[in-house]
Amino acid sequence: MPRAAAGADPVDDVLRESVRALSLAPITDITDASPGPGAAATRWETGPDTVDRDLIKLVLTVVELLRQLMERSALRRVDHGDLGEDQEERVGMTLMLLEERIEELSERHGLTMADLNLDLGPLGTLLPRRDQ
């Protein structure tokens with residue numbers, strides 16, 4: 001990622017790059033069958049017939065993890081008064097759009113947001129539950 005120009009807001013740069021990365025994600029449908037209703041995959045099992053869907057699942061999982069981290073960071077900055085009102089508005093709007101895009105891409109590929117939450121065994125799940 002190029003170094004930010006003097007006076008540029010690094011939060012804006014990260015958000016801009018995140019939105020750009022999501023806009024480059026493929027839009028094609030994946031026709032592989034997903035697990036049955038209520039069946040959450042506990043392990044990432046891949047094979048030659050599901051590699052596209054599994055790769056999309058992995059990428060969306062990483063993007064969702066980064067979105068949640070950026071959201072927490074933005075909330076801390078808001079709590080400390082580090083952001084101006086217009087910056088708060090831009091960050092909030094960008095994070096909402098990013099979340100909507102992740103959900104849209106997940107649905108398009110037959111995934112739920114729960115599918116993106118990988119089970120790490122004794123460590124628990126990768127992503128915190130959304131209601132926390």
# chains A, B, ... in the order shown; residues from 1 in each chain; ligands from 1

$ select_by_dssp --residues "stretch 60-89 of chain A" --states "alpha helix (DSSP H)" --output "number ranges by chain"
A: 60-79, 85-89

$ atom_distance --atom1 "atom CA of A:Asp86" --atom2 "atom CA of A:Met70"
17.3 Å

$ closest_residue --among "A:Ala74, A:Met113, A:Leu123, A:Val51" --to "A:Glu99" --atoms "only C-alpha atoms"
A:Met113

$ atom_distance --atom1 "atom CA of A:Leu65" --atom2 "atom CA of A:Val78"
20.0 Å

$ residues_around --residues "A:Glu89" --least-positions-apart "5" --cutoff "12 Å" --atoms "only C-alpha atoms" --output "ChimeraX atom specification"
/A:12,74-75,78,83-84,94-96

$ atom_distance --atom1 "atom CA of A:Asn117" --atom2 "atom CA of A:Asp49"
21.8 Å

$ closest_residue --among "A:Gly121, A:Arg90, A:Ile56, A:Asp79" --to "A:Leu105" --atoms "only C-alpha atoms"
A:Ile56

$ closest_residue --among "A:Leu97, A:Leu116, A:Val91, A:Ile102" --to "A:Leu58" --atoms "only C-alpha atoms"
A:Leu116

$ closest_residue --among "A:Asp54, A:Thr112, A:Glu88, A:Leu98" --to "A:Gln68" --atoms "only C-alpha atoms"
A:Leu98

$ decode --residues "stretch 65-76 of chain A" --atoms "all heavy atoms" --output "tab-separated table (two decimals), in the first residue's frame"
chain	number	residue	atom	x	y	z
A	65	LEU	N	-13.24	-10.19	9.07
A	65	LEU	CA	-12.38	-10.00	10.25
A	65	LEU	C	-11.77	-8.60	10.22
A	65	LEU	O	-11.79	-7.88	11.22
A	65	LEU	CB	-11.29	-11.07	10.30
A	65	LEU	CG	-10.26	-10.92	11.42
A	65	LEU	CD1	-10.92	-11.05	12.78
A	65	LEU	CD2	-9.15	-11.95	11.25
A	66	LEU	N	-11.24	-8.19	9.08
A	66	LEU	CA	-10.65	-6.85	8.97
A	66	LEU	C	-11.69	-5.76	9.16
A	66	LEU	O	-11.42	-4.74	9.80
A	66	LEU	CB	-9.96	-6.70	7.61
A	66	LEU	CG	-8.71	-7.54	7.42
A	66	LEU	CD1	-8.21	-7.44	5.98
A	66	LEU	CD2	-7.63	-7.16	8.40
A	67	ARG	N	-12.90	-5.97	8.65
A	67	ARG	CA	-13.96	-4.98	8.82
A	67	ARG	C	-14.28	-4.80	10.30
A	67	ARG	O	-14.42	-3.68	10.79
A	67	ARG	CB	-15.22	-5.40	8.06
A	67	ARG	CG	-16.32	-4.32	8.08
A	67	ARG	CD	-17.69	-4.87	7.80
A	67	ARG	NE	-18.15	-5.81	8.81
A	67	ARG	CZ	-18.62	-5.45	10.02
A	67	ARG	NH1	-18.68	-4.20	10.37
A	67	ARG	NH2	-19.03	-6.37	10.88
A	68	GLN	N	-14.38	-5.91	11.03
A	68	GLN	CA	-14.68	-5.83	12.45
A	68	GLN	C	-13.55	-5.14	13.22
A	68	GLN	O	-13.81	-4.35	14.13
A	68	GLN	CB	-14.95	-7.22	13.03
A	68	GLN	CG	-16.27	-7.80	12.58
A	68	GLN	CD	-16.59	-9.13	13.22
A	68	GLN	OE1	-15.98	-9.52	14.21
A	68	GLN	NE2	-17.56	-9.84	12.66
A	69	LEU	N	-12.31	-5.42	12.84
A	69	LEU	CA	-11.18	-4.76	13.49
A	69	LEU	C	-11.19	-3.25	13.21
A	69	LEU	O	-10.94	-2.45	14.11
A	69	LEU	CB	-9.87	-5.38	13.04
A	69	LEU	CG	-9.61	-6.82	13.51
A	69	LEU	CD1	-8.37	-7.38	12.83
A	69	LEU	CD2	-9.50	-6.89	15.02
A	70	MET	N	-11.48	-2.87	11.96
A	70	MET	CA	-11.55	-1.45	11.61
A	70	MET	C	-12.69	-0.77	12.35
A	70	MET	O	-12.55	0.37	12.79
A	70	MET	CB	-11.72	-1.27	10.10
A	70	MET	CG	-10.48	-1.59	9.31
A	70	MET	SD	-10.58	-1.19	7.55
A	70	MET	CE	-12.10	-1.91	7.04
A	71	GLU	N	-13.80	-1.48	12.51
A	71	GLU	CA	-14.95	-0.92	13.23
A	71	GLU	C	-14.59	-0.66	14.69
A	71	GLU	O	-14.88	0.41	15.24
A	71	GLU	CB	-16.12	-1.88	13.14
A	71	GLU	CG	-17.40	-1.35	13.76
A	71	GLU	CD	-18.54	-2.33	13.54
A	71	GLU	OE1	-18.94	-2.53	12.38
A	71	GLU	OE2	-19.03	-2.86	14.55
A	72	ARG	N	-13.93	-1.61	15.33
A	72	ARG	CA	-13.52	-1.42	16.72
A	72	ARG	C	-12.53	-0.26	16.85
A	72	ARG	O	-12.60	0.53	17.79
A	72	ARG	CB	-12.89	-2.70	17.26
A	72	ARG	CG	-13.90	-3.77	17.52
A	72	ARG	CD	-13.28	-4.94	18.24
A	72	ARG	NE	-14.23	-6.01	18.32
A	72	ARG	CZ	-13.98	-7.25	17.96
A	72	ARG	NH1	-12.79	-7.59	17.53
A	72	ARG	NH2	-14.90	-8.16	18.07
A	73	SER	N	-11.60	-0.19	15.92
A	73	SER	CA	-10.62	0.90	15.95
A	73	SER	C	-11.31	2.25	15.78
A	73	SER	O	-10.99	3.21	16.48
A	73	SER	CB	-9.59	0.68	14.84
A	73	SER	OG	-8.70	1.76	14.78
A	74	ALA	N	-12.26	2.31	14.87
A	74	ALA	CA	-12.99	3.56	14.65
A	74	ALA	C	-13.79	3.95	15.90
A	74	ALA	O	-13.83	5.12	16.27
A	74	ALA	CB	-13.92	3.42	13.44
A	75	LEU	N	-14.41	2.96	16.54
A	75	LEU	CA	-15.17	3.25	17.76
A	75	LEU	C	-14.27	3.78	18.87
A	75	LEU	O	-14.64	4.71	19.60
A	75	LEU	CB	-15.93	2.01	18.24
A	75	LEU	CG	-17.13	1.61	17.40
A	75	LEU	CD1	-17.69	0.27	17.86
A	75	LEU	CD2	-18.20	2.69	17.43
A	76	ARG	N	-13.07	3.20	19.00
A	76	ARG	CA	-12.12	3.71	20.00
A	76	ARG	C	-11.72	5.14	19.68
A	76	ARG	O	-11.64	5.98	20.58
A	76	ARG	CB	-10.86	2.82	20.04
A	76	ARG	CG	-10.99	1.66	21.00
A	76	ARG	CD	-9.65	1.01	21.27
A	76	ARG	NE	-9.00	0.51	20.08
A	76	ARG	CZ	-9.20	-0.70	19.55
A	76	ARG	NH1	-10.03	-1.53	20.13
A	76	ARG	NH2	-8.56	-1.07	18.47
